[in-house]
$ cat final02.pdb   # PDB, C-alpha atoms
ATOM      1  CA  MET A   1      77.714 192.697 191.464
ATOM      2  CA  ALA A   2      76.274 194.323 188.331
ATOM      3  CA  ASP A   3      78.870 192.514 186.233
ATOM      4  CA  ILE A   4      77.911 189.184 187.795
ATOM      5  CA  SER A   5      74.186 189.749 187.284
ATOM      6  CA  ASN A   6      74.727 190.457 183.564
ATOM      7  CA  ARG A   7      76.697 187.282 182.896
ATOM      8  CA  ALA A   8      74.990 184.321 181.279
ATOM      9  CA  VAL A   9      74.735 181.074 183.206
ATOM     10  CA  VAL A  10      75.938 177.749 181.808
ATOM     11  CA  ALA A  11      75.079 174.512 183.585
ATOM     12  CA  VAL A  12      77.752 171.812 183.396
ATOM     13  CA  ILE A  13      76.009 168.480 183.945
ATOM     14  CA  GLY A  14      78.235 165.693 185.163
ATOM     15  CA  ALA A  15      80.459 168.284 186.814
ATOM     16  CA  GLU A  16      82.147 165.564 188.846
ATOM     17  CA  THR A  17      83.731 163.991 185.730
ATOM     18  CA  LEU A  18      87.211 164.560 184.306
ATOM     19  CA  LYS A  19      85.681 165.680 181.011
ATOM     20  CA  ALA A  20      83.650 168.376 182.771
ATOM     21  CA  LYS A  21      86.737 169.897 184.386
ATOM     22  CA  ASP A  22      88.255 170.683 180.973
ATOM     23  CA  VAL A  23      84.899 172.046 179.798
ATOM     24  CA  ARG A  24      84.767 174.406 182.766
ATOM     25  CA  ASP A  25      88.351 175.548 182.138
ATOM     26  CA  ALA A  26      87.587 176.186 178.455
ATOM     27  CA  LEU A  27      84.488 178.212 179.355
ATOM     28  CA  ALA A  28      86.445 180.250 181.913
ATOM     29  CA  GLU A  29      88.937 181.253 179.181
ATOM     30  CA  ARG A  30      86.272 182.885 176.985
ATOM     31  CA  PRO A  31      86.504 186.713 176.670
ATOM     32  CA  ARG A  32      83.052 186.941 178.245
ATOM     33  CA  ALA A  33      83.209 183.974 180.589
ATOM     34  CA  PRO A  34      79.797 182.793 181.800
ATOM     35  CA  LEU A  35      78.835 181.891 185.320
ATOM     36  CA  ILE A  36      78.988 178.125 185.739
ATOM     37  CA  GLU A  37      76.348 176.095 187.555
ATOM     38  CA  LEU A  38      77.761 172.749 188.693
ATOM     39  CA  VAL A  39      75.211 169.959 188.298
ATOM     40  CA  SER A  40      75.820 166.340 189.193
ATOM     41  CA  ALA A  41      74.946 163.556 186.788
ATOM     42  CA  SER A  42      72.975 162.077 189.673
ATOM     43  CA  GLU A  43      69.334 162.662 190.561
ATOM     44  CA  GLN A  44      70.207 162.578 194.250
ATOM     45  CA  SER A  45      69.978 165.566 196.577
ATOM     46  CA  THR A  46      72.450 168.458 196.485
ATOM     47  CA  ILE A  47      76.076 167.325 196.807
ATOM     48  CA  LEU A  48      78.691 169.251 198.718
ATOM     49  CA  THR A  49      82.126 168.532 197.305
ATOM     50  CA  GLU A  50      85.625 169.952 197.619
ATOM     51  CA  GLU A  51      87.816 171.520 194.967
ATOM     52  CA  GLU A  52      91.221 173.138 195.453
ATOM     53  CA  GLY A  53      90.632 173.357 199.191
ATOM     54  CA  GLU A  54      87.251 175.071 198.966
ATOM     55  CA  ALA A  55      83.729 173.775 199.442
ATOM     56  CA  VAL A  56      81.739 173.569 196.198
ATOM     57  CA  ILE A  57      78.015 172.972 195.852
ATOM     58  CA  MET A  58      77.043 170.535 193.133
ATOM     59  CA  ARG A  59      73.309 170.412 192.609
ATOM     60  CA  ALA A  60      71.342 167.328 191.658
ATOM     61  CA  LEU A  61      70.093 166.988 188.078
ATOM     62  CA  THR A  62      66.543 168.349 188.303
ATOM     63  CA  GLU A  63      64.380 170.868 186.472
ATOM     64  CA  GLU A  64      65.120 173.366 189.254
ATOM     65  CA  SER A  65      68.909 173.078 188.794
ATOM     66  CA  LEU A  66      68.611 174.074 185.111
ATOM     67  CA  LYS A  67      66.092 176.881 185.550
ATOM     68  CA  LEU A  68      68.540 179.816 185.411
ATOM     69  CA  SER A  69      70.858 178.442 182.713
ATOM     70  CA  SER A  70      70.922 179.577 179.076
ATOM     71  CA  VAL A  71      73.044 176.605 177.990
ATOM     72  CA  ALA A  72      73.528 173.156 179.506
ATOM     73  CA  MET A  73      76.733 171.263 178.755
ATOM     74  CA  LEU A  74      76.168 167.514 178.992
ATOM     75  CA  ALA A  75      79.494 166.089 180.157
ATOM     76  CA  GLY A  76      78.447 163.187 182.369
ATOM     77  CA  SER A  77      77.251 159.753 181.309
ATOM     78  CA  GLN A  78      75.043 158.993 178.321
ATOM     79  CA  ALA A  79      72.274 158.133 180.787
ATOM     80  CA  SER A  80      72.524 161.553 182.461
ATOM     81  CA  SER A  81      72.442 163.228 179.027
ATOM     82  CA  ARG A  82      69.189 161.461 178.216
ATOM     83  CA  ARG A  83      67.747 162.490 181.599
ATOM     84  CA  ALA A  84      68.789 166.099 180.975
ATOM     85  CA  HIS A  85      67.111 166.053 177.561
ATOM     86  CA  LYS A  86      63.887 164.829 179.126
ATOM     87  CA  ILE A  87      64.037 167.531 181.814
ATOM     88  CA  ALA A  88      64.912 170.312 179.336
ATOM     89  CA  SER A  89      62.124 169.562 176.859
ATOM     90  CA  LYS A  90      59.899 172.424 178.071
ATOM     91  CA  PRO A  91      59.827 175.988 176.643
ATOM     92  CA  GLY A  92      62.423 178.238 178.254
ATOM     93  CA  SER A  93      64.792 175.360 178.998
ATOM     94  CA  PRO A  94      68.500 175.771 178.254
ATOM     95  CA  VAL A  95      69.973 174.866 174.887
ATOM     96  CA  LEU A  96      71.706 171.492 175.170
ATOM     97  CA  VAL A  97      75.312 170.918 174.108
ATOM     98  CA  ASP A  98      75.966 167.176 174.247
ATOM     99  CA  LEU A  99      79.565 166.007 174.722
ATOM    100  CA  THR A 100      78.585 162.353 175.269
ATOM    101  CA  GLY A 101      77.004 161.492 171.915
ATOM    102  CA  ALA A 102      73.895 160.158 173.641
ATOM    103  CA  LEU A 103      71.533 162.510 171.775
ATOM    104  CA  GLU A 104      73.109 162.137 168.334
ATOM    105  CA  ASP A 105      70.149 160.239 166.857
ATOM    106  CA  LEU A 106      67.489 162.804 167.800
ATOM    107  CA  PRO A 107      65.741 164.445 164.811
ATOM    108  CA  ASN A 108      66.690 167.911 166.091
ATOM    109  CA  ALA A 109      70.327 167.009 166.831
ATOM    110  CA  ARG A 110      73.090 168.670 164.805
ATOM    111  CA  LEU A 111      76.723 167.562 164.776
ATOM    112  CA  ARG A 112      79.074 170.389 165.756
ATOM    113  CA  ALA A 113      82.833 170.958 165.591
ATOM    114  CA  PRO A 114      83.545 174.710 165.229
ATOM    115  CA  MET A 115      87.272 174.089 164.774
ATOM    116  CA  VAL A 116      86.568 172.537 161.351
ATOM    117  CA  GLU A 117      83.248 174.080 160.346
ATOM    118  CA  HIS A 118      83.160 176.355 157.287
ATOM    119  CA  GLU A 119      79.739 177.958 157.576
ATOM    120  CA  PRO A 120      77.713 176.651 160.529
ATOM    121  CA  GLU A 121      74.085 175.820 159.845
ATOM    122  CA  LYS A 122      71.542 178.362 161.110
ATOM    123  CA  LEU A 123      70.125 176.705 164.224
ATOM    124  CA  THR A 124      67.321 177.550 166.642
ATOM    125  CA  ARG A 125      67.003 177.062 170.394
ATOM    126  CA  GLU A 126      65.134 173.831 169.730
ATOM    127  CA  HIS A 127      68.208 172.166 168.233
ATOM    128  CA  VAL A 128      70.544 169.961 170.254
ATOM    129  CA  HIS A 129      74.230 170.610 169.557
ATOM    130  CA  VAL A 130      76.133 167.309 169.616
ATOM    131  CA  ILE A 131      79.905 167.756 169.727
ATOM    132  CA  ALA A 132      81.599 165.360 167.312
ATOM    133  CA  HIS A 133      83.807 162.588 168.627
ATOM    134  CA  PRO A 134      87.273 164.020 169.383
ATOM    135  CA  ALA A 135      88.985 161.496 167.105
ATOM    136  CA  ALA A 136      86.721 162.565 164.238
ATOM    137  CA  ILE A 137      87.483 166.243 164.931
ATOM    138  CA  ALA A 138      91.240 165.574 164.932
ATOM    139  CA  LEU A 139      91.056 163.655 161.645
ATOM    140  CA  ALA A 140      88.882 166.331 160.013
ATOM    141  CA  MET A 141      91.455 168.968 160.998
ATOM    142  CA  PHE A 142      94.229 166.805 159.532
ATOM    143  CA  PHE A 143      92.597 165.924 156.219
ATOM    144  CA  GLY A 144      91.096 169.386 155.790
ATOM    145  CA  ARG A 145      94.579 170.898 155.871
ATOM    146  CA  LEU A 146      96.175 168.142 153.797
ATOM    147  CA  ASP A 147      93.609 168.656 151.041
ATOM    148  CA  SER A 148      95.434 171.852 150.051
ATOM    149  CA  LEU A 149      98.421 169.743 148.954
ATOM    150  CA  GLY A 150      96.543 168.007 146.172
ATOM    151  CA  GLN A 151      94.138 165.206 145.403
ATOM    152  CA  ILE A 152      94.138 162.367 147.948
ATOM    153  CA  ARG A 153      93.540 158.945 146.403
ATOM    154  CA  ARG A 154      93.262 156.731 149.492
ATOM    155  CA  ALA A 155      93.889 156.904 153.233
ATOM    156  CA  LEU A 156      94.140 154.399 156.074
ATOM    157  CA  VAL A 157      93.996 155.349 159.757
ATOM    158  CA  HIS A 158      94.718 153.374 162.916
ATOM    159  CA  VAL A 159      93.229 155.202 165.895
ATOM    160  CA  PHE A 160      94.687 154.294 169.298
ATOM    161  CA  GLU A 161      92.161 155.004 172.038
ATOM    162  CA  PRO A 162      93.121 155.802 175.668
ATOM    163  CA  ALA A 163      91.391 154.592 178.831
ATOM    164  CA  SER A 164      90.149 158.115 179.610
ATOM    165  CA  GLU A 165      87.510 157.691 176.901
ATOM    166  CA  ARG A 166      85.827 155.347 179.397
ATOM    167  CA  GLY A 167      85.922 158.028 182.088
ATOM    168  CA  GLN A 168      87.363 157.703 185.572
ATOM    169  CA  ASN A 169      86.079 154.130 185.879
ATOM    170  CA  GLY A 170      87.983 153.084 182.767
ATOM    171  CA  MET A 171      91.202 154.695 183.986
ATOM    172  CA  ASP A 172      90.798 153.144 187.445
ATOM    173  CA  GLU A 173      90.286 149.685 185.955
ATOM    174  CA  LEU A 174      93.377 150.001 183.741
ATOM    175  CA  GLN A 175      95.410 151.039 186.787
ATOM    176  CA  GLN A 176      93.998 148.218 188.925
ATOM    177  CA  GLN A 177      94.666 145.634 186.225
ATOM    178  CA  THR A 178      98.248 146.858 185.833
ATOM    179  CA  VAL A 179      98.913 146.597 189.580
ATOM    180  CA  ALA A 180      97.131 143.238 189.815
ATOM    181  CA  LEU A 181      99.137 141.699 186.984
ATOM    182  CA  LEU A 182     102.436 142.826 188.497
ATOM    183  CA  SER A 183     101.468 141.415 191.901
ATOM    184  CA  LEU A 184      99.810 138.226 190.537
ATOM    185  CA  GLN A 185      96.336 139.142 191.817
ATOM    186  CA  ASP A 186      92.889 138.834 190.259
ATOM    187  CA  MET A 187      91.934 141.647 187.851
ATOM    188  CA  GLU A 188      88.792 143.757 187.686
ATOM    189  CA  ARG A 189      86.905 143.406 184.378
ATOM    190  CA  GLU A 190      83.763 145.460 185.010
ATOM    191  CA  VAL A 191      84.354 148.152 182.373
ATOM    192  CA  TYR A 192      86.170 146.251 179.616
ATOM    193  CA  ASP A 193      85.318 142.590 180.342
ATOM    194  CA  THR A 194      88.847 141.635 179.321
ATOM    195  CA  GLN A 195      92.477 142.339 180.116
ATOM    196  CA  VAL A 196      93.393 145.773 178.784
ATOM    197  CA  ALA A 197      96.566 146.338 180.796
ATOM    198  CA  PHE A 198      99.666 145.731 178.623
ATOM    199  CA  SER A 199      97.327 144.805 175.736
ATOM    200  CA  MET A 200      96.599 146.311 172.317
ATOM    201  CA  LEU A 201      93.065 145.209 171.393
ATOM    202  CA  PRO A 202      90.684 145.621 168.428
ATOM    203  CA  ARG A 203      87.706 144.528 170.570
ATOM    204  CA  TYR A 204      86.677 144.333 174.238
ATOM    205  CA  GLY A 205      84.893 141.441 175.946
ATOM    206  CA  ASP A 206      81.277 140.586 175.161
ATOM    207  CA  GLU A 207      80.037 142.174 178.409
ATOM    208  CA  ALA A 208      81.984 145.447 178.065
ATOM    209  CA  ARG A 209      79.980 148.562 178.969
ATOM    210  CA  GLU A 210      80.641 150.138 175.565
ATOM    211  CA  PRO A 211      81.787 147.916 172.684
ATOM    212  CA  LEU A 212      84.822 149.245 170.855
ATOM    213  CA  GLU A 213      83.156 148.574 167.506
ATOM    214  CA  ASP A 214      80.317 150.967 168.445
ATOM    215  CA  VAL A 215      82.845 153.732 169.103
ATOM    216  CA  GLU A 216      84.600 152.961 165.822
ATOM    217  CA  ALA A 217      81.291 153.273 163.978
ATOM    218  CA  ARG A 218      80.593 156.646 165.630
ATOM    219  CA  ILE A 219      84.027 158.016 164.662
ATOM    220  CA  ASP A 220      83.439 156.855 161.092
ATOM    221  CA  ARG A 221      79.958 158.403 160.999
ATOM    222  CA  ASN A 222      81.025 161.721 162.530
ATOM    223  CA  LEU A 223      84.072 162.051 160.278
ATOM    224  CA  ALA A 224      81.979 161.449 157.168
ATOM    225  CA  THR A 225      79.764 164.372 158.217
ATOM    226  CA  LEU A 226      82.666 166.688 159.091
ATOM    227  CA  LEU A 227      84.398 166.033 155.765
ATOM    228  CA  GLY A 228      81.271 167.097 153.856
ATOM    229  CA  PRO A 229      82.716 170.549 152.973
ATOM    230  CA  TRP A 230      85.699 168.816 151.304
ATOM    231  CA  PRO A 231      83.950 166.682 148.642
ATOM    232  CA  ARG A 232      87.147 165.588 146.934
ATOM    233  CA  ILE A 233      88.599 163.975 150.099
ATOM    234  CA  PRO A 234      87.825 160.234 150.007
ATOM    235  CA  MET A 235      86.551 158.757 153.247
ATOM    236  CA  PRO A 236      89.536 157.083 154.961
ATOM    237  CA  SER A 237      89.390 153.498 156.166
ATOM    238  CA  ILE A 238      89.487 153.565 159.984
ATOM    239  CA  ARG A 239      90.429 150.906 162.538
ATOM    240  CA  LEU A 240      90.020 151.697 166.239
ATOM    241  CA  VAL A 241      92.440 149.990 168.631
ATOM    242  CA  HIS A 242      92.524 150.062 172.426
ATOM    243  CA  ALA A 243      95.907 151.279 173.668
ATOM    244  CA  PRO A 244      96.948 150.624 177.304
ATOM    245  CA  VAL A 245      97.523 154.337 178.010
ATOM    246  CA  PHE A 246      95.566 156.623 180.291
ATOM    247  CA  HIS A 247      95.056 159.719 178.170
ATOM    248  CA  GLY A 248      95.421 161.171 174.685
ATOM    249  CA  TYR A 249      94.632 159.801 171.222
ATOM    250  CA  SER A 250      97.372 158.633 168.853
ATOM    251  CA  PHE A 251      96.894 158.115 165.108
ATOM    252  CA  SER A 252      98.976 156.294 162.522
ATOM    253  CA  ILE A 253      97.877 157.648 159.143
ATOM    254  CA  TRP A 254      98.785 156.461 155.635
ATOM    255  CA  VAL A 255      97.851 158.735 152.729
ATOM    256  CA  GLU A 256      98.243 158.100 148.991
ATOM    257  CA  PHE A 257      98.157 161.151 146.686
ATOM    258  CA  GLU A 258      97.605 161.493 142.970
ATOM    259  CA  ASP A 259     100.904 163.397 142.928
ATOM    260  CA  ASN A 260     103.148 163.150 145.958
ATOM    261  CA  HIS A 261     104.891 166.494 146.530
ATOM    262  CA  GLY A 262     107.099 165.120 149.287
ATOM    263  CA  VAL A 263     107.446 165.220 153.059
ATOM    264  CA  ASP A 264     108.407 168.904 153.322
ATOM    265  CA  ALA A 265     105.426 170.011 151.226
ATOM    266  CA  ALA A 266     103.114 167.894 153.377
ATOM    267  CA  ALA A 267     104.480 169.519 156.538
ATOM    268  CA  ARG A 268     103.920 172.994 155.085
ATOM    269  CA  ALA A 269     100.370 172.129 154.028
ATOM    270  CA  LEU A 270      99.484 170.943 157.511
ATOM    271  CA  SER A 271     100.906 173.969 159.340
ATOM    272  CA  ALA A 272      98.041 176.166 160.524
ATOM    273  CA  PRO A 273      96.504 177.527 163.735
ATOM    274  CA  GLY A 274      95.580 174.563 165.887
ATOM    275  CA  VAL A 275      98.043 172.248 164.114
ATOM    276  CA  GLU A 276     101.619 171.892 165.371
ATOM    277  CA  VAL A 277     103.939 170.123 162.929
ATOM    278  CA  ARG A 278     107.227 168.527 164.005
ATOM    279  CA  ASN A 279     109.720 168.476 161.170
ATOM    280  CA  ALA A 280     112.366 165.859 160.429
ATOM    281  CA  GLY A 281     114.997 165.795 163.147
ATOM    282  CA  GLU A 282     112.550 166.905 165.833
ATOM    283  CA  GLU A 283     111.154 164.569 168.454
ATOM    284  CA  ALA A 284     107.927 162.890 167.367
ATOM    285  CA  PRO A 285     104.822 164.090 169.251
ATOM    286  CA  SER A 286     103.378 161.824 171.940
ATOM    287  CA  ASN A 287     100.046 161.467 173.687
ATOM    288  CA  ILE A 288     101.758 162.504 176.935
ATOM    289  CA  GLY A 289     103.401 165.584 175.463
ATOM    290  CA  VAL A 290     100.157 166.838 173.908
ATOM    291  CA  ALA A 291      98.317 166.950 177.259
ATOM    292  CA  GLY A 292      96.663 170.352 177.655
ATOM    293  CA  ASP A 293      96.886 171.291 173.959
ATOM    294  CA  LYS A 294      93.668 172.354 172.216
ATOM    295  CA  GLY A 295      94.683 171.257 168.721
ATOM    296  CA  ILE A 296      96.571 168.425 167.061
ATOM    297  CA  ASN A 297     100.282 167.612 166.809
ATOM    298  CA  VAL A 298     101.703 165.912 163.702
ATOM    299  CA  GLY A 299     105.194 164.530 163.188
ATOM    300  CA  ALA A 300     107.315 161.585 162.011
ATOM    301  CA  ILE A 301     106.207 162.344 158.438
ATOM    302  CA  THR A 302     107.945 159.852 156.183
ATOM    303  CA  ALA A 303     107.679 158.687 152.601
ATOM    304  CA  ASP A 304     106.326 155.177 152.046
ATOM    305  CA  ARG A 305     109.343 153.256 150.760
ATOM    306  CA  ASN A 306     107.043 150.830 148.894
ATOM    307  CA  ASN A 307     104.737 153.408 147.289
ATOM    308  CA  PRO A 308     106.128 156.620 145.749
ATOM    309  CA  ARG A 309     102.706 158.273 145.931
ATOM    310  CA  ALA A 310     102.218 157.749 149.676
ATOM    311  CA  CYS A 311     103.362 159.149 153.026
ATOM    312  CA  TRP A 312     103.032 158.095 156.662
ATOM    313  CA  PHE A 313     101.992 160.554 159.383
ATOM    314  CA  TRP A 314     101.935 160.287 163.181
ATOM    315  CA  MET A 315      99.350 162.460 164.969
ATOM    316  CA  VAL A 316      98.339 162.944 168.606
ATOM    317  CA  ALA A 317      95.585 164.921 170.357
ATOM    318  CA  ASP A 318      94.334 165.532 173.885
ATOM    319  CA  ASN A 319      90.866 164.005 173.639
ATOM    320  CA  TYR A 320      89.287 165.985 176.491
ATOM    321  CA  MET A 321      90.786 169.345 175.519
ATOM    322  CA  LEU A 322      89.713 168.964 171.893
ATOM    323  CA  LEU A 323      86.180 168.120 172.979
ATOM    324  CA  ALA A 324      86.060 170.932 175.563
ATOM    325  CA  GLU A 325      87.371 173.624 173.196
ATOM    326  CA  ASN A 326      84.763 172.822 170.550
ATOM    327  CA  ALA A 327      81.993 172.709 173.163
ATOM    328  CA  ALA A 328      83.096 176.073 174.596
ATOM    329  CA  ARG A 329      83.034 177.627 171.104
ATOM    330  CA  VAL A 330      79.486 176.373 170.587
ATOM    331  CA  ALA A 331      78.452 177.808 173.962
ATOM    332  CA  GLU A 332      80.087 181.110 173.036
ATOM    333  CA  GLU A 333      77.969 181.247 169.848
ATOM    334  CA  LEU A 334      74.788 180.477 171.766
ATOM    335  CA  LEU A 335      75.435 183.126 174.412
TER     336      LEU A 335
END

$ encode --input "final02.pdb" --output "structure tokens"
Amino acid sequence: MADISNRAVVAVIGAETLKAKDVRDALAERPRAPLIELVSASEQSTILTEEEGEAVIMRALTEESLKLSSVAMLAGSQASSRRAHKIASKPGSPVLVDLTGALEDLPNARLRAPMVEHEPEKLTREHVHVIAHPAAIALAMFFGRLDSLGQIRRALVHVFEPASERGQNGMDELQQQTVALLSLQDMEREVYDTQVAFSMLPRYGDEAREPLEDVEARIDRNLATLLGPWPRIPMPSIRLVHAPVFHGYSFSIWVEFEDNHGVDAAARALSAPGVEVRNAGEEAPSNIGVAGDKGINVGAITADRNNPRACWFWMVADNYMLLAENAARVAEELL
């Protein structure tokens, strides 16, 4: 009991989401794991839910539900993150760690990604810690390592986004559309406002809940900030594409160097904690195979046959795990 009373409390807001589950798992793996307060993204009364055969209490998002917490992890919707910020604006409120990006534009918000940070800025309890977009974190890890190989002249990146970035509703709609198309039924279009099943798309419909171009702009913005400690790395050109897959980011990356040292040298430069490199002859990494990994996987490294200075890279990352691991590291610092 004494051990329990001495442990810090972390509120996970939006605890009913898939993203929150990975956040809770990442927090539980810390050497000094905090107690976790499950808070719904809803303002409704206390919710009794079930998890692994046991009853779990999930409290409504109110000032009372955050009273005992030192840190609040915002893992629900952007709307719930804004409600939490309004509730936690009083002295003594928990420090906010935003995994949704909703609070990114606040004057006291600071972009965080401990897996790529050199020397974190000295922050106070009044700051909001906004976890960078997982695609931006993955690309910062990639280019940060590749910088050791030599000067990069130019880079192009196609980012293939999974349905899980739209939460459970996005995954459900992709599944429903897939079944509907195969059985010649009408499709749901509430989340995407277009057919996403069996489709690679650069844009969603006009009435989509979150335009793909807005996400692309956030990745670009976050990556530019994360690459700040590497001033000689040019900002890559990024194109975000919807991929009809449920989970995991995939990246097709083209890099041109001042002096190309070859595929083997590139593989050696990338090898580091948090980066798994598949060499020639090994199976290329996939978004399915990377599920549960906290870092990035790189493979299918090939020379560009039309440009002796350039190489192609294939990279994958578990979007939720990457986000959760960085959020858990921030919480660990704060506690």

$ resolve_selection --input "final02.pdb" --expression "the PyMOL selection byres ((chain A and resi 331) around 9)" --output "JSON, numbers by chain"
{"A": [10, 27, 71, 72, 73, 97, 326, 327, 328, 329, 330, 332, 333, 334, 335]}

$ write_last_selection --input "final02.pdb" --atoms "C-alpha atoms" --output "compact mmCIF listing (two decimals), in the frame of the given file"
# COMPACT_ATOMS: atom_id res chain seq x y z
CA VAL A 10 75.94 177.75 181.81
CA LEU A 27 84.49 178.21 179.36
CA VAL A 71 73.04 176.60 177.99
CA ALA A 72 73.53 173.16 179.51
CA MET A 73 76.73 171.26 178.76
CA VAL A 97 75.31 170.92 174.11
CA ASN A 326 84.76 172.82 170.55
CA ALA A 327 81.99 172.71 173.16
CA ALA A 328 83.10 176.07 174.60
CA ARG A 329 83.03 177.63 171.10
CA VAL A 330 79.49 176.37 170.59
CA GLU A 332 80.09 181.11 173.04
CA GLU A 333 77.97 181.25 169.85
CA LEU A 334 74.79 180.48 171.77
CA LEU A 335 75.44 183.13 174.41

$ resolve_selection --input "final02.pdb" --expression "the PyMOL selection byres ((chain A and resi 186-202) around 7)" --output "list in words"
Gly170, Glu173, Leu174, Gln176, Gln177, Thr178, Ala180, Leu184, Gln185, Arg203, Tyr204, Gly205, Asp206, Glu207, Ala208, Arg209, Leu240, Val241, His242, Ala243 and Pro244 of chain A

$ atom_distance --input "final02.pdb" --atom1 "atom CA of A:Leu123" --atom2 "atom CA of A:Ala84"
19.9 Å

$ atom_distance --input "final02.pdb" --atom1 "atom CA of A:Ala75" --atom2 "atom CA of A:Val9"
16.0 Å

$ closest_atom_pairs --input "final02.pdb" --of "stretch 136-232 of chain A" --to "stretch 245-254 of chain A" --cutoff "9 Å" --atoms "only C-alpha atoms" --output "JSON lines"
{"residue": "A:Leu139", "atom": "CA", "partner": "A:Phe251", "partner_atom": "CA", "distance": 8.8}
{"residue": "A:Arg154", "atom": "CA", "partner": "A:Trp254", "partner_atom": "CA", "distance": 8.3}
{"residue": "A:Ala155", "atom": "CA", "partner": "A:Trp254", "partner_atom": "CA", "distance": 5.5}
{"residue": "A:Leu156", "atom": "CA", "partner": "A:Trp254", "partner_atom": "CA", "distance": 5.1}
{"residue": "A:Val157", "atom": "CA", "partner": "A:Ile253", "partner_atom": "CA", "distance": 4.6}
{"residue": "A:His158", "atom": "CA", "partner": "A:Ser252", "partner_atom": "CA", "distance": 5.2}
{"residue": "A:Val159", "atom": "CA", "partner": "A:Phe251", "partner_atom": "CA", "distance": 4.7}
{"residue": "A:Phe160", "atom": "CA", "partner": "A:Ser250", "partner_atom": "CA", "distance": 5.1}
{"residue": "A:Glu161", "atom": "CA", "partner": "A:Tyr249", "partner_atom": "CA", "distance": 5.5}
{"residue": "A:Pro162", "atom": "CA", "partner": "A:His247", "partner_atom": "CA", "distance": 5.0}
{"residue": "A:Ala163", "atom": "CA", "partner": "A:Phe246", "partner_atom": "CA", "distance": 4.9}
{"residue": "A:Ser164", "atom": "CA", "partner": "A:His247", "partner_atom": "CA", "distance": 5.4}
{"residue": "A:Glu165", "atom": "CA", "partner": "A:His247", "partner_atom": "CA", "distance": 7.9}
{"residue": "A:Gly170", "atom": "CA", "partner": "A:Phe246", "partner_atom": "CA", "distance": 8.7}
{"residue": "A:Met171", "atom": "CA", "partner": "A:Phe246", "partner_atom": "CA", "distance": 6.0}
{"residue": "A:Leu174", "atom": "CA", "partner": "A:Phe246", "partner_atom": "CA", "distance": 7.8}
{"residue": "A:Gln175", "atom": "CA", "partner": "A:Phe246", "partner_atom": "CA", "distance": 8.6}
{"residue": "A:Ala197", "atom": "CA", "partner": "A:Val245", "partner_atom": "CA", "distance": 8.5}
{"residue": "A:Phe198", "atom": "CA", "partner": "A:Val245", "partner_atom": "CA", "distance": 8.9}

$ atom_distance --input "final02.pdb" --atom1 "atom CA of A:Leu74" --atom2 "atom CA of A:Gly14"
6.8 Å

$ closest_residue --input "final02.pdb" --among "A:Glu121, A:Asp25, A:Glu104, A:Asp147" --to "A:Glu256" --atoms "only C-alpha atoms"
A:Asp147

$ closest_atom_pairs --input "final02.pdb" --of "stretch 7-111 of chain A" --to "stretch 317-322 of chain A" --cutoff "8 Å" --atoms "all atoms listed in the file" --output "tab-separated table"
residue	atom	partner	partner_atom	distance
A:Lys19	CA	A:Tyr320	CA	5.8
A:Asp22	CA	A:Met321	CA	6.2
A:Val23	CA	A:Met321	CA	7.8

$ resolve_selection --input "final02.pdb" --expression "the PyMOL selection byres ((chain A and resi 294-299) around 10)" --output "PyMOL selection string"
chain A and resi 26+115+137-139+141-142+249-251+267+270-271+273-287+289-293+300-302+312-326

$ axis_aligned_box --input "final02.pdb" --around "stretch 244-257 of chain A" --padding-each-side "4 Å" --output "AutoDock Vina command-line options"
--center_x 96.8 --center_y 155.9 --center_z 163.5 --size_x 12.3 --size_y 18.5 --size_z 41.6

$ closest_residue --input "final02.pdb" --among "A:Ala136, A:Ile36, A:Arg268, A:Ile288" --to "A:Ala217" --atoms "all atoms listed in the file"
A:Ala136

$ closest_residue --input "final02.pdb" --among "A:Arg82, A:Lys67, A:Lys21, A:Arg145" --to "A:Pro94" --atoms "all atoms listed in the file"
A:Lys67

$ closest_residue --input "final02.pdb" --among "A:His261, A:Leu66, A:Ile152, A:Phe143" --to "A:Leu227" --atoms "all atoms listed in the file"
A:Phe143

$ closest_residue --input "final02.pdb" --among "A:Ala41, A:Ala88, A:Leu149, A:Ile47" --to "A:Arg125" --atoms "all atoms listed in the file"
A:Ala88

$ closest_residue --input "final02.pdb" --among "A:Met235, A:Ala20, A:Leu181, A:Ala266" --to "A:Leu99" --atoms "only C-alpha atoms"
A:Ala20

$ residues_near_point --input "final02.pdb" --point "(81.5, 159.4, 154.5)" --cutoff "12 Å" --atoms "all atoms listed in the file" --output "PyMOL selection string"
chain A and resi 136+140+217-238

$ write_last_selection --input "final02.pdb" --atoms "C-alpha atoms" --output "short mmCIF file (atom, residue, chain, number, x, y, z; two decimals), in the frame of the given file"
data_model
loop_
_atom_site.label_atom_id
_atom_site.label_comp_id
_atom_site.auth_asym_id
_atom_site.auth_seq_id
_atom_site.Cartn_x
_atom_site.Cartn_y
_atom_site.Cartn_z
CA ALA A 136 86.72 162.56 164.24
CA ALA A 140 88.88 166.33 160.01
CA ALA A 217 81.29 153.27 163.98
CA ARG A 218 80.59 156.65 165.63
CA ILE A 219 84.03 158.02 164.66
CA ASP A 220 83.44 156.85 161.09
CA ARG A 221 79.96 158.40 161.00
CA ASN A 222 81.03 161.72 162.53
CA LEU A 223 84.07 162.05 160.28
CA ALA A 224 81.98 161.45 157.17
CA THR A 225 79.76 164.37 158.22
CA LEU A 226 82.67 166.69 159.09
CA LEU A 227 84.40 166.03 155.76
CA GLY A 228 81.27 167.10 153.86
CA PRO A 229 82.72 170.55 152.97
CA TRP A 230 85.70 168.82 151.30
CA PRO A 231 83.95 166.68 148.64
CA ARG A 232 87.15 165.59 146.93
CA ILE A 233 88.60 163.98 150.10
CA PRO A 234 87.82 160.23 150.01
CA MET A 235 86.55 158.76 153.25
CA PRO A 236 89.54 157.08 154.96
CA SER A 237 89.39 153.50 156.17
CA ILE A 238 89.49 153.56 159.98
#
